[in-house]
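Data from run.cif: mmCIF, C-alpha atoms
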```cif
data_model
loop_
_atom_site.group_PDB
_atom_site.id
_atom_site.type_symbol
_atom_site.label_atom_id
_atom_site.label_comp_id
_atom_site.auth_asym_id
_atom_site.auth_seq_id
_atom_site.Cartn_x
_atom_site.Cartn_y
_atom_site.Cartn_z
ATOM 1 C CA MET A 22 97.868 60.193 68.732
ATOM 2 C CA ARG A 23 97.801 63.817 67.661
ATOM 3 C CA GLY A 24 95.242 63.010 64.980
ATOM 4 C CA LEU A 25 92.919 61.783 67.721
ATOM 5 C CA GLY A 26 93.429 64.979 69.736
ATOM 6 C CA PHE A 27 96.040 63.736 72.218
ATOM 7 C CA HIS A 28 98.846 66.269 72.336
ATOM 8 C CA ASN A 29 100.628 65.283 75.549
ATOM 9 C CA ILE A 30 101.467 61.758 74.427
ATOM 10 C CA ASN A 31 104.856 61.298 72.798
ATOM 11 C CA ILE A 32 105.836 57.880 71.467
ATOM 12 C CA ARG A 33 109.183 58.089 69.762
ATOM 13 C CA MET A 34 110.869 54.790 70.584
ATOM 14 C CA THR A 35 109.827 51.137 70.559
ATOM 15 C CA GLU A 36 110.375 48.810 73.508
ATOM 16 C CA LYS A 37 113.146 47.124 71.521
ATOM 17 C CA GLN A 38 114.910 50.480 71.014
ATOM 18 C CA LEU A 39 114.508 51.373 74.689
ATOM 19 C CA LYS A 40 116.051 48.111 75.859
ATOM 20 C CA LYS A 41 119.112 48.869 73.750
ATOM 21 C CA ASN A 42 119.407 52.401 75.136
ATOM 22 C CA PRO A 43 117.470 52.859 78.427
ATOM 23 C CA THR A 44 118.657 56.453 78.880
ATOM 24 C CA LYS A 45 116.428 57.444 75.968
ATOM 25 C CA ALA A 46 113.267 56.301 77.772
ATOM 26 C CA ILE A 47 112.480 59.923 78.603
ATOM 27 C CA GLU A 48 111.693 60.465 74.899
ATOM 28 C CA ASN A 49 108.454 58.525 75.370
ATOM 29 C CA SER A 50 106.203 60.541 77.641
ATOM 30 C CA PHE A 51 102.634 61.346 78.537
ATOM 31 C CA THR A 52 100.844 62.966 81.427
ATOM 32 C CA PRO A 53 98.484 61.072 83.747
ATOM 33 C CA ASP A 54 95.648 63.395 82.676
ATOM 34 C CA GLU A 55 96.247 62.670 79.006
ATOM 35 C CA MET A 56 96.509 58.942 79.690
ATOM 36 C CA ALA A 57 93.167 59.077 81.515
ATOM 37 C CA ARG A 58 91.650 60.907 78.512
ATOM 38 C CA LEU A 59 93.072 58.244 76.192
ATOM 39 C CA PHE A 60 91.621 55.443 78.309
ATOM 40 C CA GLU A 61 88.185 57.129 78.293
ATOM 41 C CA TRP A 62 88.411 57.413 74.491
ATOM 42 C CA PHE A 63 89.488 53.777 74.353
ATOM 43 C CA TYR A 64 86.535 52.703 76.533
ATOM 44 C CA GLN A 65 84.160 54.455 74.120
ATOM 45 C CA HIS A 66 85.808 52.902 71.024
ATOM 46 C CA LYS A 67 86.881 49.421 72.212
ATOM 47 C CA ASP A 68 84.494 47.695 69.808
ATOM 48 C CA ASP A 69 85.160 49.907 66.765
ATOM 49 C CA ASN A 70 87.509 47.487 65.021
ATOM 50 C CA GLN A 71 89.460 44.252 65.461
ATOM 51 C CA TYR A 72 92.632 46.061 66.589
ATOM 52 C CA LEU A 73 90.959 47.955 69.414
ATOM 53 C CA THR A 74 89.085 44.810 70.445
ATOM 54 C CA PHE A 75 92.385 42.892 70.514
ATOM 55 C CA ILE A 76 94.033 45.581 72.670
ATOM 56 C CA TRP A 77 91.025 45.610 75.020
ATOM 57 C CA LYS A 78 91.175 41.818 75.469
ATOM 58 C CA THR A 79 94.945 41.906 75.969
ATOM 59 C CA MET A 80 94.725 44.595 78.639
ATOM 60 C CA ALA A 81 91.763 42.832 80.288
ATOM 61 C CA ASN A 82 93.963 39.769 80.711
ATOM 62 C CA CYS A 83 97.015 41.714 81.900
ATOM 63 C CA SER A 84 98.816 39.674 84.550
ATOM 64 C CA THR A 85 101.531 42.207 85.358
ATOM 65 C CA GLY A 86 101.192 44.783 88.093
ATOM 66 C CA GLN A 87 98.802 42.863 90.322
ATOM 67 C CA LYS A 88 100.209 44.755 93.331
ATOM 68 C CA ARG A 89 99.396 48.085 91.657
ATOM 69 C CA ILE A 90 95.853 49.326 90.850
ATOM 70 C CA PRO A 91 94.345 45.795 90.813
ATOM 71 C CA ALA A 92 95.233 45.501 94.513
ATOM 72 C CA ALA A 93 93.140 48.606 95.266
ATOM 73 C CA ILE A 94 89.892 47.844 93.453
ATOM 74 C CA PRO A 95 86.831 46.165 94.985
ATOM 75 C CA THR A 96 86.884 42.378 94.738
ATOM 76 C CA ASP A 97 83.750 42.346 92.572
ATOM 77 C CA ALA A 98 85.208 44.835 90.067
ATOM 78 C CA HIS A 99 87.411 44.088 87.073
ATOM 79 C CA ILE A 100 90.232 46.136 85.579
ATOM 80 C CA VAL A 101 91.441 46.617 82.028
ATOM 81 C CA HIS A 102 94.899 48.148 82.455
ATOM 82 C CA LYS A 103 98.432 48.688 81.293
ATOM 83 C CA THR A 104 101.458 48.977 83.500
ATOM 84 C CA GLY A 105 104.702 50.738 82.793
ATOM 85 C CA THR A 106 108.027 50.320 84.529
ATOM 86 C CA GLY A 107 111.166 52.333 83.951
ATOM 87 C CA PHE A 108 114.687 51.077 84.166
ATOM 88 C CA PRO A 109 116.115 50.785 87.714
ATOM 89 C CA SER A 110 118.560 53.407 88.952
ATOM 90 C CA PRO A 111 121.804 52.392 90.653
ATOM 91 C CA GLU A 112 119.981 53.042 93.962
ATOM 92 C CA GLY A 113 117.360 50.435 93.049
ATOM 93 C CA VAL A 114 114.409 52.783 92.504
ATOM 94 C CA GLN A 115 112.510 53.215 89.288
ATOM 95 C CA ASP A 116 109.602 54.984 87.693
ATOM 96 C CA MET A 117 106.403 52.925 87.759
ATOM 97 C CA ASN A 118 102.905 53.548 86.551
ATOM 98 C CA ASP A 119 99.588 51.910 85.972
ATOM 99 C CA ALA A 120 96.542 53.182 84.133
ATOM 100 C CA GLY A 121 93.251 51.471 83.700
ATOM 101 C CA ILE A 122 89.530 51.255 83.346
ATOM 102 C CA ILE A 123 87.809 49.836 86.397
ATOM 103 C CA LEU A 124 84.604 48.035 85.477
ATOM 104 C CA MET A 125 82.161 48.105 88.384
ATOM 105 C CA PRO A 126 79.561 45.362 88.887
ATOM 106 C CA ASP A 127 76.730 47.919 88.500
ATOM 107 C CA GLY A 128 77.870 48.671 84.926
ATOM 108 C CA ASN A 129 79.650 51.936 85.720
ATOM 109 C CA HIS A 130 83.322 52.458 85.032
ATOM 110 C CA ALA A 131 86.112 54.601 86.433
ATOM 111 C CA ILE A 132 89.335 55.670 84.752
ATOM 112 C CA ILE A 133 92.484 55.927 86.818
ATOM 113 C CA ALA A 134 96.114 56.719 86.003
ATOM 114 C CA VAL A 135 98.841 56.681 88.649
ATOM 115 C CA PHE A 136 102.388 57.612 87.706
ATOM 116 C CA THR A 137 105.262 57.557 90.192
ATOM 117 C CA THR A 138 108.907 58.491 89.921
ATOM 118 C CA HIS A 139 111.692 56.833 91.855
ATOM 119 C CA SER A 140 109.202 54.492 93.464
ATOM 120 C CA PRO A 141 110.456 52.036 96.076
ATOM 121 C CA SER A 142 107.645 49.528 95.378
ATOM 122 C CA GLU A 143 104.486 48.710 93.449
ATOM 123 C CA GLU A 144 102.456 49.043 96.629
ATOM 124 C CA VAL A 145 102.869 52.831 96.430
ATOM 125 C CA ILE A 146 100.642 52.820 93.340
ATOM 126 C CA ALA A 147 98.027 50.693 95.141
ATOM 127 C CA ASP A 148 98.030 53.107 98.092
ATOM 128 C CA ILE A 149 97.536 56.106 95.795
ATOM 129 C CA ALA A 150 94.815 54.279 93.850
ATOM 130 C CA ARG A 151 92.959 53.423 97.081
ATOM 131 C CA GLN A 152 92.990 57.074 98.104
ATOM 132 C CA LEU A 153 91.727 58.181 94.682
ATOM 133 C CA LEU A 154 88.969 55.567 94.623
ATOM 134 C CA GLU A 155 87.763 56.579 98.091
ATOM 135 C CA ARG A 156 86.864 60.034 96.794
#
```

What does this structure look like when you write it as structure tokens?
Amino acid sequence: MRGLGFHNINIRMTEKQLKKNPTKAIENSFTPDEMARLFEWFYQHKDDNQYLTFIWKTMANCSTGQKRIPAAIPTDAHIVHKTGTGFPSPEGVQDMNDAGIILMPDGNHAIIAVFTTHSPSEEVIADIARQLLER
């Protein structure tokens, strides 16, 4: 990531490692701004090689998080996105996020990244996304 110019993205543990030790999840981090920059870069480079094309297709077919950003976009738009969900606290709240590229029917696109902490539900992300998209 640093080689591509992304300095606020830290990936230190795999999903498998995190499942074994959820308290270490904080070691993987990124800011919403940096995630939005990464998604813009990704949009520009999605056809550069087979790996990026595979990731694009996988995210375009993402079925998780339908109550998050996908719930906030116009019905004639499409989203290429990736969700993230932290491990639940004893109180039943957890960190949740969603970041994506919204493909508008007119050919334009919009990048959005919504990160929440201690969220009570996925709908919070949809509400925030709606407010951002109304701007």

Expanded to explicit residues, what is the PyMOL selection byres ((chain A and resi 90) around 9) for this file, as a PyMOL selection string? chain A and resi 86-89+91-94+100+102+119-121+133-135+144+146-151

Any chance you could resolve the PyMOL selection byres ((chain A and resi 124-129) around 10) against this file and give the residues as a short mmCIF file (atom, residue, chain, number, x, y, z; two decimals) with C-alpha atoms, keeping the file's coordinate frame?
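That gives us result-v1.cif:
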```
data_model
loop_
_atom_site.label_atom_id
_atom_site.label_comp_id
_atom_site.auth_asym_id
_atom_site.auth_seq_id
_atom_site.Cartn_x
_atom_site.Cartn_y
_atom_site.Cartn_z
CA ILE A 94 89.89 47.84 93.45
CA PRO A 95 86.83 46.16 94.98
CA THR A 96 86.88 42.38 94.74
CA ASP A 97 83.75 42.35 92.57
CA ALA A 98 85.21 44.84 90.07
CA HIS A 99 87.41 44.09 87.07
CA ILE A 100 90.23 46.14 85.58
CA VAL A 101 91.44 46.62 82.03
CA GLY A 121 93.25 51.47 83.70
CA ILE A 122 89.53 51.26 83.35
CA ILE A 123 87.81 49.84 86.40
CA HIS A 130 83.32 52.46 85.03
CA ALA A 131 86.11 54.60 86.43
CA ILE A 132 89.34 55.67 84.75
#
```

Between CA of Lys45 (chain A) and CA of Gly105 (chain A), what is the distance, to one decimal in Å? 15.1 Å

Hey, what comes out of the PyMOL selection byres ((chain A and resi 56) around 9) on this file? Could you write it as a VMD selection string? chain A and resid 27 29 to 30 51 to 55 57 to 61 120 133 to 134

For region 46-153 of chain A against region 31-38 of chain A, with a cut-off of 8 Å and counting all atoms listed in the file, what is the closest atom pair and its distance in Å to one decimal for every residue that makes the cut, ordered by chain and number, as a tab-separated table?
```
residue	atom	partner	partner_atom	distance
A:Ala46	CA	A:Met34	CA	7.7
A:Glu48	CA	A:Arg33	CA	6.2
A:Asn49	CA	A:Ile32	CA	4.7
A:Ser50	CA	A:Asn31	CA	5.1
A:Phe51	CA	A:Asn31	CA	6.2
```

Need the neighbours of (110.0, 53.2, 84.6): which residues are at most 10 Å away, counting all atoms listed in the file, as a ChimeraX atom specification? /A:43,46-47,104-110,114-118,136-140

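In this structure, CA of His28 (chain A) sits 23.6 Å away from CA of Asp68 (chain A).
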
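Note that CA of Pro141 (chain A) and CA of Cys83 (chain A) are 22.1 Å apart.
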
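Closest approach to Glu143 (chain A) among A:Thr85, A:Arg156, A:Thr44, A:Gln65: A:Thr85, based on all atoms listed in the file.
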